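Novice: Below is the structure I would like to discuss, written out as structure tokens.
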Amino acid sequence: MLTTLEFLKLLEQVRDQFDWTLTADTGPYAERRARSRFHLQASPTTGPSLSLSPIQAVYYARTGEIFGPARWPDAAEALGMDLSDAAAVVAAAGDRTWTGGDGQRNPEAGLLGIRRRLLETVGLVEHQDEDLTQPRPA
């Protein structure tokens, strides 16, 4: 099985084939959030105009094929990723890094760490040693 760390190495190998952006969430509940979520997305630098998640981007770079947005499990499986690891990458790329219920939201350190590594890997942020479990400023 392809681990998250191995996936990040593959992502680093193909990152220059894409333009990487953080796109604000436009979902039905986006306006109810105090702070927008920003989704990590890739567009191929050459070829068709596409918007891909990191998992889809790696799969596309390796095969030239595209799975639709809701089909990330298929792309992850084809890459040899465990679906729970892939789900964590998708959550981190989608800025869904807080968990909880009953009105309580807490940062999920593991997901925050994966998000930071994703952003570092594609070159959107430089490596920083910061406490990823602390809330981000509004």
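Just so we're on the same page: first chain in the structure tokens is A, next is B, and so on; residues restart at 1 for each chain, and ligands are numbered from 1 in the order they show up.
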Which residues are near range 37-54 of chain A? Cut-off 7 Å, only C-alpha atoms, ignore same chain within fewer than 3 positions. Put them as a list in words.

Specialist: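 Neighbouring residues, sequence-local ones excluded: Gln17, Phe18, Asp19, Trp20, Thr21, Leu22, Thr23, Ala24, Asp25, Ala57, Val58, Ala93, Gly94 and Asp95 of chain A.
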
Novice: Could you please take those selected residues and save C-alpha atoms as a PDB file, in the first residue's frame?

Specialist:
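Saved the output as again-v6.pdb:
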```pdb
ATOM      1  CA  GLN A  17       3.275  19.726 -14.222  1.00  0.00           C
ATOM      2  CA  PHE A  18       0.475  21.722 -12.551  1.00  0.00           C
ATOM      3  CA  ASP A  19      -0.464  25.216 -11.453  1.00  0.00           C
ATOM      4  CA  TRP A  20      -1.536  24.998  -7.807  1.00  0.00           C
ATOM      5  CA  THR A  21      -4.147  27.257  -6.215  1.00  0.00           C
ATOM      6  CA  LEU A  22      -6.171  27.586  -3.048  1.00  0.00           C
ATOM      7  CA  THR A  23      -9.794  28.075  -4.093  1.00  0.00           C
ATOM      8  CA  ALA A  24     -12.407  29.411  -1.659  1.00  0.00           C
ATOM      9  CA  ASP A  25     -15.249  27.050  -0.780  1.00  0.00           C
ATOM     10  CA  ALA A  57      -3.368  15.241 -10.123  1.00  0.00           C
ATOM     11  CA  VAL A  58      -0.930  12.442  -9.278  1.00  0.00           C
ATOM     12  CA  ALA A  93      -6.653  19.289   0.775  1.00  0.00           C
ATOM     13  CA  GLY A  94     -10.238  20.473   1.288  1.00  0.00           C
ATOM     14  CA  ASP A  95      -9.336  22.351   4.485  1.00  0.00           C
TER      15      ASP A  95
END
```

Novice: Going by DSSP on the backbone, which residues of chain A come out as helix (DSSP H, G or I)? List them as a PyMOL selection string.

Specialist: chain A and resi 4-17+30-32+54-63+69-79+83-93+109-121

Novice: Taking C-alpha atoms for each residue, export the selection above as a tab-separated table (two decimals), in the first residue's frame.

Specialist:
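As written to disk, selection_20.tsv reads:
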```
chain	number	residue	atom	x	y	z
A	4	THR	CA	0.73	9.18	2.85
A	5	LEU	CA	4.46	9.97	2.96
A	6	GLU	CA	5.05	8.02	-0.26
A	7	PHE	CA	2.11	9.82	-1.84
A	8	LEU	CA	3.66	13.18	-0.89
A	9	LYS	CA	6.89	12.10	-2.60
A	10	LEU	CA	4.94	11.24	-5.78
A	11	LEU	CA	3.18	14.60	-5.54
A	12	GLU	CA	6.51	16.37	-5.27
A	13	GLN	CA	7.72	14.57	-8.41
A	14	VAL	CA	4.75	15.78	-10.49
A	15	ARG	CA	4.02	19.18	-8.90
A	16	ASP	CA	5.68	21.21	-11.67
A	17	GLN	CA	3.28	19.73	-14.22
A	30	ALA	CA	-19.76	28.45	2.96
A	31	GLU	CA	-21.33	31.78	3.93
A	32	ARG	CA	-22.14	30.48	7.43
A	54	PRO	CA	-3.89	16.33	-5.31
A	55	ILE	CA	-4.81	12.63	-5.63
A	56	GLN	CA	-6.41	13.21	-9.02
A	57	ALA	CA	-3.37	15.24	-10.12
A	58	VAL	CA	-0.93	12.44	-9.28
A	59	TYR	CA	-3.14	9.90	-11.00
A	60	TYR	CA	-3.48	12.14	-14.08
A	61	ALA	CA	0.28	12.75	-14.22
A	62	ARG	CA	0.98	9.03	-14.08
A	63	THR	CA	-1.73	7.80	-16.46
A	69	PRO	CA	-14.33	14.88	-8.48
A	70	ALA	CA	-16.49	12.39	-6.61
A	71	ARG	CA	-14.32	9.51	-7.81
A	72	TRP	CA	-11.20	10.19	-5.71
A	73	PRO	CA	-11.53	6.73	-4.08
A	74	ASP	CA	-11.08	5.16	-7.52
A	75	ALA	CA	-7.99	7.27	-8.24
A	76	ALA	CA	-6.57	6.48	-4.78
A	77	GLU	CA	-7.20	2.77	-5.22
A	78	ALA	CA	-5.56	2.82	-8.65
A	79	LEU	CA	-2.50	4.50	-7.06
A	83	LEU	CA	-8.73	4.53	1.44
A	84	SER	CA	-8.42	5.86	5.00
A	85	ASP	CA	-5.08	7.49	4.11
A	86	ALA	CA	-6.60	8.86	0.91
A	87	ALA	CA	-9.60	10.22	2.82
A	88	ALA	CA	-7.23	12.06	5.16
A	89	VAL	CA	-5.41	13.60	2.16
A	90	VAL	CA	-8.75	14.65	0.61
A	91	ALA	CA	-9.93	16.17	3.91
A	92	ALA	CA	-6.65	18.03	4.38
A	93	ALA	CA	-6.65	19.29	0.77
A	109	ALA	CA	-3.40	17.67	14.48
A	110	GLY	CA	-2.91	14.83	12.00
A	111	LEU	CA	-5.04	16.49	9.32
A	112	LEU	CA	-3.43	19.88	9.93
A	113	GLY	CA	-0.02	18.26	9.51
A	114	ILE	CA	-1.04	16.62	6.24
A	115	ARG	CA	-2.43	19.93	4.97
A	116	ARG	CA	0.79	21.74	5.82
A	117	ARG	CA	2.83	19.03	4.06
A	118	LEU	CA	0.58	19.23	0.98
A	119	LEU	CA	0.99	23.02	0.77
A	120	GLU	CA	4.75	22.73	1.27
A	121	THR	CA	5.05	19.95	-1.30
```

Novice: Give me, as a list of chain:residue names, the residues of range 82-122 of chain A that a backbone DSSP run labels strand (DSSP E).

Specialist: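 Restricting range 82-122 of chain A to strand (DSSP E) produces A:Trp98, A:Thr99, A:Asn106, A:Pro107.
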
Novice: With N, CA and C atoms retained, export the selected residues as a tab-separated table (two decimals), in the first residue's frame.

Specialist:
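Printed below is out.tsv as written:
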```tsv
chain	number	residue	atom	x	y	z
A	98	TRP	N	-10.79	20.24	11.11
A	98	TRP	CA	-11.32	20.34	12.46
A	98	TRP	C	-12.38	19.27	12.64
A	99	THR	N	-12.47	18.72	13.83
A	99	THR	CA	-13.46	17.67	14.10
A	99	THR	C	-14.26	18.04	15.34
A	106	ASN	N	-12.66	21.12	17.31
A	106	ASN	CA	-11.27	21.06	17.73
A	106	ASN	C	-10.38	20.75	16.54
A	107	PRO	N	-9.19	21.36	16.51
A	107	PRO	CA	-8.28	21.06	15.41
A	107	PRO	C	-7.81	19.62	15.48
```

Novice: Using Å and a single decimal, report how far CA of Thr3 in chain A sits from CA of Gly68 in chain A.

Specialist: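 We find that CA of Gly68 in chain A and CA of Thr3 in chain A lie 22.5 Å from each other.
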